[in-house]
$ cat structure.tsv   # TSV, C-alpha atoms
chain	number	residue	atom	x	y	z
N	441	MET	CA	19.56	15.62	18.11
N	442	THR	CA	17.92	12.43	16.86
N	443	GLU	CA	16.05	12.11	13.61
N	444	PRO	CA	12.30	11.54	13.77
N	445	GLY	CA	11.59	7.94	14.12
N	446	ALA	CA	15.01	7.00	15.38
N	447	SER	CA	15.17	4.96	18.51
N	448	PRO	CA	17.54	5.88	21.37
N	449	GLU	CA	18.67	2.26	21.31
N	450	ASP	CA	19.88	2.63	17.73
N	451	PRO	CA	23.65	1.95	17.69
N	452	TRP	CA	24.30	4.74	15.21
N	453	VAL	CA	22.75	7.15	17.62
N	454	LYS	CA	25.14	5.99	20.38
N	455	VAL	CA	28.15	6.55	18.15
N	456	GLU	CA	26.94	10.05	17.33
N	457	TYR	CA	26.46	10.77	21.01
N	458	ALA	CA	29.99	9.52	21.77
N	459	TYR	CA	31.65	11.75	19.18
N	460	SER	CA	29.61	14.76	20.27
N	461	ASP	CA	31.11	14.48	23.82
N	462	ASN	CA	34.14	16.91	24.29
N	463	SER	CA	35.81	14.71	26.88
N	464	LEU	CA	36.36	12.03	24.30
N	465	ASP	CA	37.73	14.30	21.58
N	466	PRO	CA	41.09	12.76	20.39
N	467	ASP	CA	42.43	16.21	19.44
N	468	ASP	CA	42.20	17.32	23.09
N	469	GLU	CA	44.24	14.31	24.22
N	470	ASP	CA	46.99	15.15	21.71
N	471	SER	CA	47.02	18.77	22.99
N	472	ASP	CA	47.53	17.64	26.58
N	473	TYR	CA	50.33	15.30	25.52
N	474	HIS	CA	52.17	18.04	23.60
N	475	GLN	CA	51.77	20.50	26.48
N	476	GLU	CA	53.22	18.02	28.95
N	477	SER	CA	56.11	17.29	26.55
N	478	TYR	CA	56.79	21.02	26.21
N	479	LYS	CA	56.94	21.41	29.99
N	480	GLU	CA	59.42	18.58	30.33
N	481	SER	CA	61.50	19.94	27.46
N	482	TYR	CA	61.66	23.41	29.08
N	483	LYS	CA	62.85	21.90	32.34
N	484	ASP	CA	65.51	19.95	30.51
N	485	ARG	CA	66.70	23.06	28.73
N	486	ARG	CA	66.93	25.01	32.00
N	487	ARG	CA	68.77	22.14	33.67
N	488	ARG	CA	71.16	21.88	30.74
N	489	ALA	CA	71.79	25.64	30.70
N	490	HIS	CA	72.46	25.63	34.43
N	491	THR	CA	74.87	22.72	34.07
N	492	GLN	CA	76.74	24.48	31.27
N	493	ALA	CA	76.97	27.72	33.26
N	494	GLU	CA	78.27	25.83	36.30
N	495	GLN	CA	80.85	24.06	34.16
N	496	LYS	CA	82.02	27.37	32.70
N	497	ARG	CA	82.38	28.79	36.21
N	498	ARG	CA	84.41	25.78	37.34
N	499	ASP	CA	86.60	26.00	34.23
N	500	ALA	CA	87.22	29.70	34.86
N	501	ILE	CA	88.23	29.01	38.47
N	502	LYS	CA	90.54	26.22	37.37
N	503	ARG	CA	92.20	28.47	34.78
N	504	GLY	CA	92.64	31.10	37.47
N	505	TYR	CA	94.43	28.68	39.80
N	506	ASP	CA	96.54	27.40	36.91
N	507	ASP	CA	97.55	30.97	36.06
N	508	LEU	CA	98.49	31.63	39.69
N	509	GLN	CA	100.71	28.55	39.77
N	510	THR	CA	102.39	29.77	36.58
N	511	ILE	CA	102.86	33.39	37.72
N	512	VAL	CA	103.79	32.94	41.41
N	513	PRO	CA	107.39	31.69	41.61
N	514	THR	CA	106.92	29.96	44.97
N	515	CYS	CA	104.17	27.81	43.47
N	516	GLN	CA	106.67	26.47	40.96
N	517	GLN	CA	109.20	25.50	43.61
N	518	GLN	CA	109.04	21.92	44.74
N	519	ASP	CA	107.59	21.43	48.20
N	520	PHE	CA	109.22	18.32	49.65
N	521	SER	CA	106.55	18.07	52.34
N	522	ILE	CA	103.94	17.11	49.74
N	523	GLY	CA	106.28	15.45	47.26
N	524	SER	CA	105.06	15.32	43.69
N	525	GLN	CA	101.44	15.77	44.76
N	526	LYS	CA	99.57	18.58	43.04
N	527	LEU	CA	99.21	21.77	45.05
N	528	SER	CA	95.83	22.24	46.63
N	529	LYS	CA	93.85	25.42	46.09
N	530	ALA	CA	94.43	26.46	49.70
N	531	ILE	CA	98.21	26.15	49.29
N	532	VAL	CA	98.12	28.06	46.00
N	533	LEU	CA	96.18	30.90	47.61
N	534	GLN	CA	98.49	31.01	50.66
N	535	LYS	CA	101.62	31.08	48.50
N	536	THR	CA	100.06	33.83	46.39
N	537	ILE	CA	99.29	35.92	49.50
N	538	ASP	CA	102.83	35.42	50.83
N	539	TYR	CA	104.31	36.44	47.48
N	540	ILE	CA	102.15	39.58	47.29
N	541	GLN	CA	103.27	40.57	50.79
N	542	PHE	CA	106.87	39.98	49.76
N	543	LEU	CA	106.40	42.22	46.73
N	544	HIS	CA	104.92	44.97	48.93
N	545	LYS	CA	107.97	44.84	51.22
N	546	GLU	CA	110.34	44.93	48.26
N	547	LYS	CA	108.46	47.87	46.78
N	548	LYS	CA	108.71	49.81	50.06
N	549	LYS	CA	112.42	48.99	50.31
N	550	GLN	CA	113.05	50.16	46.76
N	551	GLU	CA	111.12	53.37	47.38
N	552	GLU	CA	113.32	54.09	50.41
N	553	GLU	CA	116.45	53.39	48.35
N	554	VAL	CA	115.22	55.69	45.59
N	555	SER	CA	114.55	58.43	48.15
N	556	THR	CA	118.09	58.04	49.55
N	557	LEU	CA	119.59	58.14	46.07
N	558	ARG	CA	117.64	61.29	45.26
N	559	LYS	CA	119.05	62.96	48.37
N	560	ASP	CA	122.55	61.86	47.38
N	561	VAL	CA	122.05	63.24	43.88
N	562	THR	CA	120.87	66.56	45.32
N	563	ALA	CA	123.94	66.73	47.59
N	564	LEU	CA	126.24	65.91	44.67
N	565	LYS	CA	124.64	68.64	42.58
N	566	ILE	CA	125.27	71.15	45.36
N	567	MET	CA	128.88	70.00	45.66
N	568	LYS	CA	129.28	70.24	41.89
N	569	VAL	CA	128.02	73.83	41.89
N	570	ASN	CA	130.38	74.73	44.75
N	571	TYR	CA	133.39	73.19	43.00
N	572	GLU	CA	132.48	74.92	39.77
N	573	GLN	CA	132.40	78.23	41.61
N	574	ILE	CA	135.81	77.51	43.18
N	575	VAL	CA	137.29	76.59	39.82
N	576	LYS	CA	135.81	79.67	38.21
N	577	ALA	CA	137.16	81.90	40.99
N	578	HIS	CA	140.62	80.34	40.61
N	579	GLN	CA	140.52	80.85	36.84
N	580	ASP	CA	139.52	84.49	37.28
N	581	ASN	CA	142.30	85.05	39.86
N	582	PRO	CA	145.09	82.53	39.17
N	583	SER	CA	147.51	84.11	41.67
N	584	GLU	CA	145.00	83.85	44.51
N	585	GLY	CA	145.53	80.82	46.71
N	586	LYS	CA	149.17	80.23	45.92
N	587	ASP	CA	150.25	81.15	49.43
N	588	GLN	CA	147.39	79.32	51.10
N	589	VAL	CA	148.51	77.31	54.12
N	590	SER	CA	147.13	74.07	55.50
N	591	ASP	CA	145.08	73.46	58.62
N	592	GLN	CA	148.18	71.95	60.22
N	593	VAL	CA	149.96	75.30	60.00
N	594	LYS	CA	146.96	76.95	61.59
N	595	PHE	CA	147.08	74.45	64.42
N	596	ASN	CA	150.81	75.02	64.83
N	597	VAL	CA	150.22	78.78	65.27
N	598	PHE	CA	147.64	78.12	67.99
N	599	GLN	CA	149.88	75.55	69.66
N	600	GLY	CA	152.83	78.00	69.66
N	601	ILE	CA	150.72	80.71	71.30
N	602	MET	CA	149.41	78.32	73.94
N	603	ASP	CA	152.87	76.94	74.69
N	604	SER	CA	154.25	80.45	75.22
N	605	LEU	CA	151.36	81.40	77.50
N	606	PHE	CA	151.64	78.18	79.46
N	607	GLN	CA	155.31	78.78	80.13
N	608	SER	CA	154.57	82.13	81.77
N	609	PHE	CA	151.48	80.68	83.45
N	610	ASN	CA	153.38	77.76	84.94
N	611	ALA	CA	156.14	80.06	86.20
N	612	SER	CA	153.72	82.54	87.79
N	613	ILE	CA	151.06	80.33	89.44
N	614	SER	CA	151.38	78.96	92.95
N	615	VAL	CA	149.34	75.99	94.11
N	616	ALA	CA	149.98	76.33	97.85
N	617	SER	CA	146.26	77.03	98.35
N	618	PHE	CA	143.19	77.70	96.32
N	619	GLN	CA	143.09	81.34	97.40
N	620	GLU	CA	146.71	81.81	96.39
N	621	LEU	CA	146.03	80.02	93.10
N	622	SER	CA	143.13	82.36	92.35
N	623	ALA	CA	145.16	85.42	93.17
N	624	CYS	CA	148.05	84.25	90.99
N	625	VAL	CA	145.74	83.61	88.04
N	626	PHE	CA	144.37	87.14	88.08
N	627	ASN	CA	147.86	88.58	88.44
N	628	TRP	CA	149.08	86.45	85.53
N	629	ILE	CA	146.23	87.64	83.32
N	630	GLU	CA	146.90	91.29	84.12
N	631	GLU	CA	150.60	90.92	83.43
N	632	HIS	CA	150.91	88.41	80.60
N	633	CYS	CA	147.60	88.73	78.73
N	634	LYS	CA	147.79	92.39	77.85
N	635	PRO	CA	147.08	93.10	74.17
N	636	GLN	CA	150.63	94.24	73.57
N	637	THR	CA	152.04	91.14	75.24
N	638	LEU	CA	149.79	88.83	73.25
N	639	ARG	CA	150.71	90.61	70.06
N	640	GLU	CA	154.40	90.10	70.73
N	641	ILE	CA	153.78	86.39	71.39
N	642	VAL	CA	151.81	85.96	68.16
N	643	VAL	CA	154.42	87.81	66.10
N	644	GLY	CA	157.15	85.63	67.55
N	645	VAL	CA	155.24	82.41	66.81
N	646	LEU	CA	154.45	83.46	63.23
N	647	HIS	CA	158.03	84.46	62.57
N	648	GLN	CA	159.24	81.12	63.85
N	649	LEU	CA	156.75	79.13	61.65
N	650	LYS	CA	157.60	81.23	58.63
N	651	ASN	CA	161.25	80.36	59.01
N	652	GLN	CA	160.27	76.68	59.23
N	653	LEU	CA	158.10	76.83	56.09
N	654	TYR	CA	160.42	78.86	53.92
$ encode --input "structure.tsv" --output "structure tokens"
Amino acid sequence: MTEPGASPEDPWVKVEYAYSDNSLDPDDEDSDYHQESYKESYKDRRRRAHTQAEQKRRDAIKRGYDDLQTIVPTCQQQDFSIGSQKLSKAIVLQKTIDYIQFLHKEKKKQEEEVSTLRKDVTALKIMKVNYEQIVKAHQDNPSEGKDQVSDQVKFNVFQGIMDSLFQSFNASISVASFQELSACVFNWIEEHCKPQTLREIVVGVLHQLKNQLY
């Protein structure tokens, strides 16, 4: 608002008009500049944070591969196909998979061996109990078992009986025909396999073996 008597062409009036205009306020220009600087600074911070996070991820992956090469024995063995060249990530992963599969097979094999050993231990325990019972029975009855004979003597008794029966069988059987053979067999059974006859044979065999043993 102009003072009374002031002319619109007065230069002081123009200056007043210029400073009264909001578009030419220097404070507003500074505000826009700071706002734009803040936006650029925020973008830089986000970009920097993203870069740092990506670097941490890459470092973690690298440490993981390094640990695998240290832990997996096959990764430490020299591969002449690649010489002294550093193992690639694909090779490290493949060797790790192969080693894990190998460990699974070894674990299964060991479990089967443990199962077999457990069965053997169970069988040995049963045998131990049986032997302990035999020893205890022998200690309770020391005289028992002194006159025990071997399996060979048992076989000799059976062989003596069979030899005696075969002698009579061979002397009594005719092989002129099958009908005659059949008839002779039944006759031989009725004559030589009577209980009394068999008893006499067994007594004779036992008496003979006893004389041989004692």
$ atom_distance --input "structure.tsv" --atom1 "atom CA of Lys529 of chain N" --atom2 "atom CA of Ala500 of chain N"
13.7 Å
$ closest_residue --input "structure.tsv" --among "N:Ser608, N:Gly644, N:Arg486, N:Thr536" --to "Asp507 of chain N" --atoms "all atoms listed in the file"
N:Thr536
$ atom_distance --input "structure.tsv" --atom1 "atom CA of Ile511 of chain N" --atom2 "atom CA of Tyr539 of chain N"
10.3 Å
$ atom_distance --input "structure.tsv" --atom1 "atom CA of Glu640 of chain N" --atom2 "atom CA of Phe606 of chain N"
15.0 Å
$ closest_residue --input "structure.tsv" --among "N:Ile641, N:Leu533, N:Ser614, N:Val554" --to "Met602 of chain N" --atoms "all atoms listed in the file"
N:Ile641
$ closest_residue --input "structure.tsv" --among "N:Phe618, N:Phe598, N:Phe609, N:Phe542" --to "Glu630 of chain N" --atoms "all atoms listed in the file"
N:Phe609
$ residues_around --input "structure.tsv" --residues "Thr637 of chain N" --least-positions-apart "4" --cutoff "12 Å" --atoms "all atoms listed in the file" --output "JSON, numbers by chain"
{"N": [601, 604, 605, 608, 628, 629, 630, 631, 632, 633, 641, 642, 643, 644]}
$ residues_around --input "structure.tsv" --residues "Ser528 of chain N" --least-positions-apart "5" --cutoff "12 Å" --atoms "all atoms listed in the file" --output "number ranges by chain"
N: 502, 505-506, 508-509, 515, 519, 522, 533-535
